[in-house]
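Peer 1: Handing over structure-v8.cif, mmCIF, C-alpha atoms.
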```
data_query
loop_
_atom_site.group_PDB
_atom_site.id
_atom_site.type_symbol
_atom_site.label_atom_id
_atom_site.label_comp_id
_atom_site.auth_asym_id
_atom_site.auth_seq_id
_atom_site.Cartn_x
_atom_site.Cartn_y
_atom_site.Cartn_z
ATOM 1 C CA MET A 1 23.845 3.827 -3.861
ATOM 2 C CA ASN A 2 20.089 3.843 -4.318
ATOM 3 C CA THR A 3 19.449 0.843 -2.068
ATOM 4 C CA TYR A 4 19.051 0.859 1.719
ATOM 5 C CA PRO A 5 20.983 -1.831 3.632
ATOM 6 C CA PHE A 6 19.817 -2.683 7.145
ATOM 7 C CA THR A 7 19.956 -5.452 9.723
ATOM 8 C CA PHE A 8 16.804 -7.309 10.694
ATOM 9 C CA ALA A 9 16.680 -10.298 13.068
ATOM 10 C CA GLY A 10 20.399 -10.825 12.525
ATOM 11 C CA ALA A 11 20.126 -10.857 8.724
ATOM 12 C CA GLU A 12 21.877 -8.266 6.550
ATOM 13 C CA LEU A 13 19.134 -7.187 4.140
ATOM 14 C CA VAL A 14 18.840 -4.636 1.348
ATOM 15 C CA ALA A 15 15.659 -2.705 0.564
ATOM 16 C CA ARG A 16 15.656 -1.961 -3.141
ATOM 17 C CA PRO A 17 13.983 1.120 -4.666
ATOM 18 C CA SER A 18 11.620 -1.136 -6.622
ATOM 19 C CA GLY A 19 10.071 -2.545 -3.442
ATOM 20 C CA ALA A 20 11.979 -5.830 -3.647
ATOM 21 C CA LEU A 21 13.918 -7.156 -0.648
ATOM 22 C CA HIS A 22 17.356 -8.689 -1.190
ATOM 23 C CA TRP A 23 19.196 -10.967 1.227
ATOM 24 C CA PRO A 24 22.624 -11.230 -0.414
ATOM 25 C CA GLU A 25 24.121 -13.827 1.929
ATOM 26 C CA ALA A 26 21.205 -16.200 1.254
ATOM 27 C CA GLY A 27 21.040 -15.375 -2.472
ATOM 28 C CA LEU A 28 17.378 -14.565 -1.858
ATOM 29 C CA LEU A 29 15.022 -12.028 -3.430
ATOM 30 C CA CYS A 30 11.552 -11.405 -1.987
ATOM 31 C CA VAL A 31 8.652 -9.507 -3.557
ATOM 32 C CA SER A 32 5.086 -9.207 -2.327
ATOM 33 C CA ASP A 33 1.617 -8.649 -3.735
ATOM 34 C CA LEU A 34 2.245 -8.833 -7.481
ATOM 35 C CA HIS A 35 -1.526 -9.011 -8.084
ATOM 36 C CA LEU A 36 -1.000 -10.230 -11.636
ATOM 37 C CA GLY A 37 -4.197 -9.945 -13.662
ATOM 38 C CA LYS A 38 -5.684 -7.115 -11.604
ATOM 39 C CA SER A 39 -6.847 -5.173 -14.663
ATOM 40 C CA ALA A 40 -8.718 -8.227 -15.963
ATOM 41 C CA ARG A 41 -10.329 -8.842 -12.566
ATOM 42 C CA GLN A 42 -11.472 -5.226 -12.268
ATOM 43 C CA ALA A 43 -13.067 -5.404 -15.712
ATOM 44 C CA ARG A 44 -14.755 -8.709 -14.872
ATOM 45 C CA ARG A 45 -16.111 -7.630 -11.493
ATOM 46 C CA ASN A 46 -17.165 -4.018 -11.906
ATOM 47 C CA GLY A 47 -16.570 -2.997 -15.498
ATOM 48 C CA VAL A 48 -13.607 -0.732 -14.676
ATOM 49 C CA GLN A 49 -11.380 -0.690 -17.737
ATOM 50 C CA LEU A 50 -7.737 -0.255 -16.763
ATOM 51 C CA PRO A 51 -5.035 -0.348 -19.445
ATOM 52 C CA PRO A 52 -4.218 -4.081 -19.662
ATOM 53 C CA TYR A 53 -0.471 -3.716 -19.238
ATOM 54 C CA ASP A 54 -0.066 -4.565 -15.558
ATOM 55 C CA VAL A 55 1.127 -8.131 -16.123
ATOM 56 C CA GLU A 56 3.824 -7.144 -18.615
ATOM 57 C CA ASP A 57 5.034 -4.207 -16.538
ATOM 58 C CA THR A 58 5.125 -6.173 -13.279
ATOM 59 C CA LEU A 59 6.979 -9.104 -14.839
ATOM 60 C CA ALA A 60 9.453 -6.794 -16.566
ATOM 61 C CA ARG A 61 10.310 -5.101 -13.279
ATOM 62 C CA LEU A 62 10.552 -8.464 -11.523
ATOM 63 C CA GLU A 63 12.888 -9.753 -14.216
ATOM 64 C CA ALA A 64 15.086 -6.678 -13.780
ATOM 65 C CA GLU A 65 15.341 -7.365 -10.034
ATOM 66 C CA VAL A 66 16.161 -11.040 -10.543
ATOM 67 C CA GLU A 67 18.903 -10.142 -13.019
ATOM 68 C CA ALA A 68 20.304 -7.309 -10.881
ATOM 69 C CA THR A 69 20.576 -9.470 -7.761
ATOM 70 C CA GLN A 70 21.326 -12.823 -9.463
ATOM 71 C CA ALA A 71 19.009 -14.385 -6.905
ATOM 72 C CA ARG A 72 19.171 -18.147 -6.424
ATOM 73 C CA VAL A 73 15.897 -18.143 -4.462
ATOM 74 C CA VAL A 74 12.842 -16.005 -5.216
ATOM 75 C CA ILE A 75 9.953 -15.688 -2.771
ATOM 76 C CA CYS A 76 6.628 -14.266 -3.944
ATOM 77 C CA LEU A 77 5.009 -13.352 -0.652
ATOM 78 C CA GLY A 78 1.354 -13.959 -1.440
ATOM 79 C CA ASP A 79 -1.331 -12.374 -3.612
ATOM 80 C CA SER A 80 0.843 -13.058 -6.625
ATOM 81 C CA PHE A 81 -2.364 -13.239 -8.675
ATOM 82 C CA ASP A 82 -5.380 -11.029 -8.163
ATOM 83 C CA ASP A 83 -7.512 -14.167 -7.916
ATOM 84 C CA LEU A 84 -7.465 -17.669 -9.389
ATOM 85 C CA GLN A 85 -9.560 -16.606 -12.384
ATOM 86 C CA ALA A 86 -7.012 -13.891 -13.084
ATOM 87 C CA PHE A 87 -4.313 -16.548 -13.091
ATOM 88 C CA GLU A 88 -6.333 -18.773 -15.402
ATOM 89 C CA ALA A 89 -6.816 -15.836 -17.791
ATOM 90 C CA LEU A 90 -3.101 -15.020 -18.067
ATOM 91 C CA PRO A 91 -1.940 -15.190 -21.696
ATOM 92 C CA PRO A 92 0.495 -17.978 -22.656
ATOM 93 C CA ALA A 93 3.239 -15.395 -23.170
ATOM 94 C CA ALA A 94 2.989 -14.361 -19.501
ATOM 95 C CA LEU A 95 3.106 -17.972 -18.311
ATOM 96 C CA ASP A 96 6.158 -18.601 -20.500
ATOM 97 C CA TRP A 97 7.774 -15.477 -19.053
ATOM 98 C CA ILE A 98 7.257 -16.748 -15.490
ATOM 99 C CA THR A 99 8.688 -20.133 -16.480
ATOM 100 C CA ARG A 100 11.808 -18.452 -17.872
ATOM 101 C CA LEU A 101 12.251 -16.474 -14.665
ATOM 102 C CA GLN A 102 12.000 -19.662 -12.612
ATOM 103 C CA ALA A 103 14.630 -21.535 -14.611
ATOM 104 C CA GLY A 104 17.754 -22.399 -12.631
ATOM 105 C CA ARG A 105 16.555 -21.095 -9.254
ATOM 106 C CA ARG A 106 14.242 -22.074 -6.417
ATOM 107 C CA TRP A 107 10.900 -20.317 -6.621
ATOM 108 C CA ILE A 108 8.566 -20.158 -3.629
ATOM 109 C CA TRP A 109 4.929 -19.095 -3.905
ATOM 110 C CA ILE A 110 3.522 -18.096 -0.501
ATOM 111 C CA GLU A 111 -0.253 -18.371 -0.292
ATOM 112 C CA GLY A 112 -2.146 -15.093 0.026
ATOM 113 C CA ASN A 113 -5.742 -14.157 0.703
ATOM 114 C CA HIS A 114 -6.355 -13.465 -3.004
ATOM 115 C CA ASP A 115 -4.753 -16.703 -4.191
ATOM 116 C CA PRO A 116 -5.362 -19.210 -1.369
ATOM 117 C CA GLY A 117 -5.083 -22.337 -3.465
ATOM 118 C CA PRO A 118 -2.076 -23.799 -5.274
ATOM 119 C CA VAL A 119 -1.747 -22.833 -8.901
ATOM 120 C CA ALA A 120 -0.513 -24.876 -11.820
ATOM 121 C CA LEU A 121 2.963 -23.397 -11.921
ATOM 122 C CA ALA A 122 6.328 -24.849 -11.022
ATOM 123 C CA GLY A 123 7.838 -23.986 -7.667
ATOM 124 C CA ASP A 124 7.062 -24.613 -4.021
ATOM 125 C CA HIS A 125 3.577 -23.614 -2.871
ATOM 126 C CA LEU A 126 3.718 -22.927 0.871
ATOM 127 C CA ALA A 127 1.712 -21.224 3.605
ATOM 128 C CA GLN A 128 4.973 -19.895 5.038
ATOM 129 C CA PHE A 129 8.706 -20.382 4.654
ATOM 130 C CA ARG A 130 11.493 -20.113 7.200
ATOM 131 C CA HIS A 131 15.157 -19.563 6.449
ATOM 132 C CA GLY A 132 17.786 -18.708 9.042
ATOM 133 C CA GLY A 133 16.187 -16.385 11.544
ATOM 134 C CA LEU A 134 13.516 -15.086 9.163
ATOM 135 C CA SER A 135 9.972 -16.311 8.639
ATOM 136 C CA PHE A 136 8.133 -15.400 5.421
ATOM 137 C CA ARG A 137 4.326 -15.335 5.322
ATOM 138 C CA HIS A 138 1.614 -13.230 3.705
ATOM 139 C CA ILE A 139 -0.119 -11.604 6.681
ATOM 140 C CA ALA A 140 1.726 -10.426 9.787
ATOM 141 C CA GLY A 141 1.427 -12.617 12.866
ATOM 142 C CA ASP A 142 3.316 -12.696 16.134
ATOM 143 C CA ALA A 143 6.591 -14.380 15.191
ATOM 144 C CA ALA A 144 9.844 -12.498 15.715
ATOM 145 C CA GLY A 145 11.867 -11.998 12.536
ATOM 146 C CA GLU A 146 8.751 -12.089 10.389
ATOM 147 C CA VAL A 147 8.616 -10.787 6.816
ATOM 148 C CA SER A 148 5.084 -10.269 5.479
ATOM 149 C CA GLY A 149 3.056 -8.328 2.926
ATOM 150 C CA HIS A 150 -0.711 -7.902 2.481
ATOM 151 C CA TYR A 151 -1.141 -4.303 3.703
ATOM 152 C CA HIS A 152 0.557 -2.439 0.805
ATOM 153 C CA PRO A 153 1.929 0.255 3.171
ATOM 154 C CA LYS A 154 2.336 3.811 1.906
ATOM 155 C CA LEU A 155 3.689 6.861 3.679
ATOM 156 C CA ARG A 156 1.915 10.179 3.184
ATOM 157 C CA LEU A 157 4.237 12.935 2.023
ATOM 158 C CA ARG A 158 3.679 16.583 1.184
ATOM 159 C CA ALA A 159 3.377 15.667 -2.477
ATOM 160 C CA GLY A 160 1.192 12.586 -2.372
ATOM 161 C CA SER A 161 2.313 9.257 -0.920
ATOM 162 C CA ARG A 162 4.930 6.623 -1.608
ATOM 163 C CA ALA A 163 4.955 2.851 -1.158
ATOM 164 C CA CYS A 164 7.302 1.744 1.600
ATOM 165 C CA PHE A 165 8.712 -1.065 3.665
ATOM 166 C CA LEU A 166 7.880 -0.935 7.380
ATOM 167 C CA VAL A 167 10.404 -2.361 9.811
ATOM 168 C CA ASP A 168 10.787 -2.511 13.576
ATOM 169 C CA ALA A 169 12.601 -4.881 15.926
ATOM 170 C CA GLN A 170 10.155 -7.752 15.326
ATOM 171 C CA ARG A 171 8.558 -7.530 11.896
ATOM 172 C CA LEU A 172 9.092 -6.278 8.381
ATOM 173 C CA ILE A 173 6.096 -5.479 6.178
ATOM 174 C CA MET A 174 6.761 -5.347 2.437
ATOM 175 C CA PRO A 175 5.331 -2.847 -0.044
ATOM 176 C CA ALA A 176 3.221 -4.148 -2.911
ATOM 177 C CA PHE A 177 5.296 -4.839 -6.023
ATOM 178 C CA GLY A 178 2.426 -5.072 -8.518
ATOM 179 C CA THR A 179 1.805 -2.260 -10.979
ATOM 180 C CA TYR A 180 -1.899 -1.773 -10.206
ATOM 181 C CA THR A 181 -1.902 -1.901 -6.414
ATOM 182 C CA GLY A 182 -3.287 0.662 -4.029
ATOM 183 C CA GLY A 183 -2.026 1.089 -0.503
ATOM 184 C CA LEU A 184 -2.803 1.588 3.159
ATOM 185 C CA ARG A 185 -1.432 4.711 4.824
ATOM 186 C CA CYS A 186 1.052 4.112 7.612
ATOM 187 C CA ASP A 187 -1.059 6.077 10.086
ATOM 188 C CA ASP A 188 -3.978 3.696 9.608
ATOM 189 C CA PRO A 189 -4.790 1.936 12.921
ATOM 190 C CA ALA A 190 -4.246 -1.483 11.317
ATOM 191 C CA LEU A 191 -0.585 -0.653 10.720
ATOM 192 C CA ASP A 192 -0.102 1.577 13.752
ATOM 193 C CA ARG A 193 -0.958 -1.241 16.141
ATOM 194 C CA LEU A 194 1.338 -3.698 14.360
ATOM 195 C CA MET A 195 4.521 -1.634 14.390
ATOM 196 C CA GLY A 196 6.522 -0.898 17.535
ATOM 197 C CA ASP A 197 8.272 2.219 18.750
ATOM 198 C CA GLY A 198 10.980 3.513 16.462
ATOM 199 C CA ALA A 199 9.549 1.799 13.373
ATOM 200 C CA LEU A 200 11.039 2.950 10.095
ATOM 201 C CA ALA A 201 9.384 3.487 6.734
ATOM 202 C CA ILE A 202 11.805 2.750 3.908
ATOM 203 C CA LEU A 203 10.467 4.632 0.908
ATOM 204 C CA THR A 204 10.556 3.202 -2.593
ATOM 205 C CA GLY A 205 11.024 5.259 -5.735
ATOM 206 C CA ALA A 206 14.170 6.696 -7.281
ATOM 207 C CA ARG A 207 16.086 5.538 -4.214
ATOM 208 C CA ALA A 208 15.266 3.689 -1.010
ATOM 209 C CA LEU A 209 15.205 6.184 1.847
ATOM 210 C CA ALA A 210 14.492 5.449 5.522
ATOM 211 C CA VAL A 211 12.417 7.887 7.594
ATOM 212 C CA PRO A 212 10.449 7.500 10.840
ATOM 213 C CA MET A 213 7.147 5.742 10.207
ATOM 214 C CA ARG A 214 5.380 8.050 12.636
ATOM 215 C CA GLN A 215 5.845 11.622 11.482
ATOM 216 C CA ASN A 216 5.316 14.632 13.768
ATOM 217 C CA ARG A 217 1.939 16.205 13.184
ATOM 218 C CA SER A 218 0.526 19.262 14.967
ATOM 219 C CA GLY A 219 3.294 19.157 17.544
ATOM 220 C CA ARG A 220 2.572 15.534 18.484
ATOM 221 C CA ALA A 221 5.675 13.474 19.111
ATOM 222 C CA ALA A 222 6.441 10.749 16.625
ATOM 223 C CA SER A 223 6.533 8.083 19.319
ATOM 224 C CA ARG A 224 4.016 5.286 19.151
ATOM 225 C CA ARG A 225 0.780 5.560 21.082
ATOM 226 C CA GLY A 226 -0.020 2.791 23.554
ATOM 227 C CA ARG A 227 -1.115 -0.519 22.132
#
```
Would you kindly transcribe this structure into structure tokens?
Peer 2:
Amino acid sequence: MNTYPFTFAGAELVARPSGALHWPEAGLLCVSDLHLGKSARQARRNGVQLPPYDVEDTLARLEAEVEATQARVVICLGDSFDDLQAFEALPPAALDWITRLQAGRRWIWIEGNHDPGPVALAGDHLAQFRHGGLSFRHIAGDAAGEVSGHYHPKLRLRAGSRACFLVDAQRLIMPAFGTYTGGLRCDDPALDRLMGDGALAILTGARALAVPMRQNRSGRAASRRGR
């Protein structure tokens, strides 16, 4: 199988190669940092012209995940839109597509730092959501069993880098799902201080593959340095 099943805070979860998180027992699918409308925002703010296909590609991949998992609950874990103007500029076809995806299931929009206000779409608009032993929010805090996004973690490899989940005993940080999203390397201090000893990076791509978050470099042990 191309997925990576693991246990976190007592929940049996599945990291999918796309960067989506599946909780089969709860019928729940979670994605983070869609950043819909990023190409339009980049053009508006600094004149950078990216091919304007990010919305269609992101929604197509999200639809594939919803269909593959038959999720009854979908959580978008913040920064679903690159900003509120990007949301307002979405074409009607994209809004209709989102409405079709929402039909027949509970849809939860978690507020992010790019989209802090509620938007005019169906679904629950929440600062955070708790189910069972898991707590879903955009930016990592101090709660045990916390699933968050925001940092777009990527692990550096010999041939470039790859988006990844980060997981330790207390928290799980999601990769960005959006098509035009950069990332923060796992050895960045912001992520290093968040993740505990033994943290795993679950790589996305052709298949989900778990490796130690802290790789040996220059003979240094992969154990975490003191907080």
Peer 1: I need the residue nearest Ser148 (chain A) from this list: A:Cys30, A:Leu95, A:Leu13, A:Met213. Use all atoms listed in the file for the distance.
Peer 2: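 Smallest distance to Ser148 (chain A) is found for A:Cys30.
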Peer 1: Can you list, as an NGL selection string, the residues that the PyMOL selection byres ((chain A and resi 128) around 12) selects here?
Peer 2: :A and (75-78 or 108-112 or 124-127 or 129-131 or 134-141 or 143 or 146-149)
Peer 1: Restricting the output to C-alpha atoms, write the selected residues as a short mmCIF file (atom, residue, chain, number, x, y, z; two decimals), in the frame of the given file.
Peer 2:
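In the end it all went to result.cif:
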```cif
data_model
loop_
_atom_site.label_atom_id
_atom_site.label_comp_id
_atom_site.auth_asym_id
_atom_site.auth_seq_id
_atom_site.Cartn_x
_atom_site.Cartn_y
_atom_site.Cartn_z
CA ILE A 75 9.95 -15.69 -2.77
CA CYS A 76 6.63 -14.27 -3.94
CA LEU A 77 5.01 -13.35 -0.65
CA GLY A 78 1.35 -13.96 -1.44
CA ILE A 108 8.57 -20.16 -3.63
CA TRP A 109 4.93 -19.10 -3.90
CA ILE A 110 3.52 -18.10 -0.50
CA GLU A 111 -0.25 -18.37 -0.29
CA GLY A 112 -2.15 -15.09 0.03
CA ASP A 124 7.06 -24.61 -4.02
CA HIS A 125 3.58 -23.61 -2.87
CA LEU A 126 3.72 -22.93 0.87
CA ALA A 127 1.71 -21.22 3.60
CA PHE A 129 8.71 -20.38 4.65
CA ARG A 130 11.49 -20.11 7.20
CA HIS A 131 15.16 -19.56 6.45
CA LEU A 134 13.52 -15.09 9.16
CA SER A 135 9.97 -16.31 8.64
CA PHE A 136 8.13 -15.40 5.42
CA ARG A 137 4.33 -15.34 5.32
CA HIS A 138 1.61 -13.23 3.70
CA ILE A 139 -0.12 -11.60 6.68
CA ALA A 140 1.73 -10.43 9.79
CA GLY A 141 1.43 -12.62 12.87
CA ALA A 143 6.59 -14.38 15.19
CA GLU A 146 8.75 -12.09 10.39
CA VAL A 147 8.62 -10.79 6.82
CA SER A 148 5.08 -10.27 5.48
CA GLY A 149 3.06 -8.33 2.93
#
```
Peer 1: Output the residue selection produced by the PyMOL selection byres ((chain A and resi 102) around 10) on the file above, formatted as a ChimeraX atom specification.
Peer 2: /A:66,72-74,96-101,103-108,121-123
Peer 1: I need the residue set behind the PyMOL selection byres ((chain A and resi 67-69) around 9) for this file; please write it as a VMD selection string.
Peer 2: chain A and resid 22 24 27 to 29 62 to 66 70 to 72
Peer 1: Restricting the calculation to only C-alpha atoms, which member of A:Gly183, A:Pro212, A:Pro189, A:Pro175 is positioned closest to Asp33 (chain A)?
Peer 2: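 Of the candidates, the smallest distance to Asp33 (chain A) is held by A:Pro175.
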Peer 1: In terms of the shortest atom-to-atom distance over only C-alpha atoms, which of A:Ala208, A:Ala86, A:Met195, A:Ile202 is closest to Leu34 (chain A)?
Peer 2: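 Once distances to Leu34 (chain A) are computed over only C-alpha atoms, the minimum belongs to A:Ala86.
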Peer 1: Would you compute the box with edges along x, y and z of the file around region 107-121 of chain A, including every atom the file lists for it and 3 Å extra on each side, and give its centre and edge lengths in Å to one decimal, as JSON?
Peer 2:
```
{"center_x": 2.3, "center_y": -19.2, "center_z": -5.6, "size_x": 23.3, "size_y": 17.4, "size_z": 18.6}
```
Peer 1: Using all atoms listed in the file, find the one residue out of A:His150, A:Tyr53, A:Pro92, A:Ala144 that sits nearest to Arg171 (chain A).
Peer 2: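 Once distances to Arg171 (chain A) are computed over all atoms listed in the file, the minimum belongs to A:Ala144.
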Peer 1: For CA of Gln215 (chain A) and CA of Gly145 (chain A), quote the distance in Å rounded to one decimal.
Peer 2: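 A separation of 24.4 Å between them.
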Peer 1: Which residues come within 10 Å of Ser18 (chain A), counting all atoms listed in the file, excluding same-chain residues fewer than 5 positions away, as an MDAnalysis selection string?
Peer 2: chainID A and resid 3 31 61:62 64:65 163:164 175:177 203:208
Peer 1: Work out how far CA of Val55 (chain A) is from CA of Asn113 (chain A), in Å to one decimal.
Peer 2: 19.1 Å
Peer 1: Can you tell me how far CA of Asp168 (chain A) sits from CA of Leu36 (chain A), in Å to one decimal?
Peer 2: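 It comes out at 28.9 Å.
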Peer 1: When distances are computed from only C-alpha atoms, which of A:Leu155, A:Ala120, A:Val14, A:Val167 shows the smallest separation from Asn2 (chain A)?
Peer 2: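 Result for the nearest residue to Asn2 (chain A): A:Val14.
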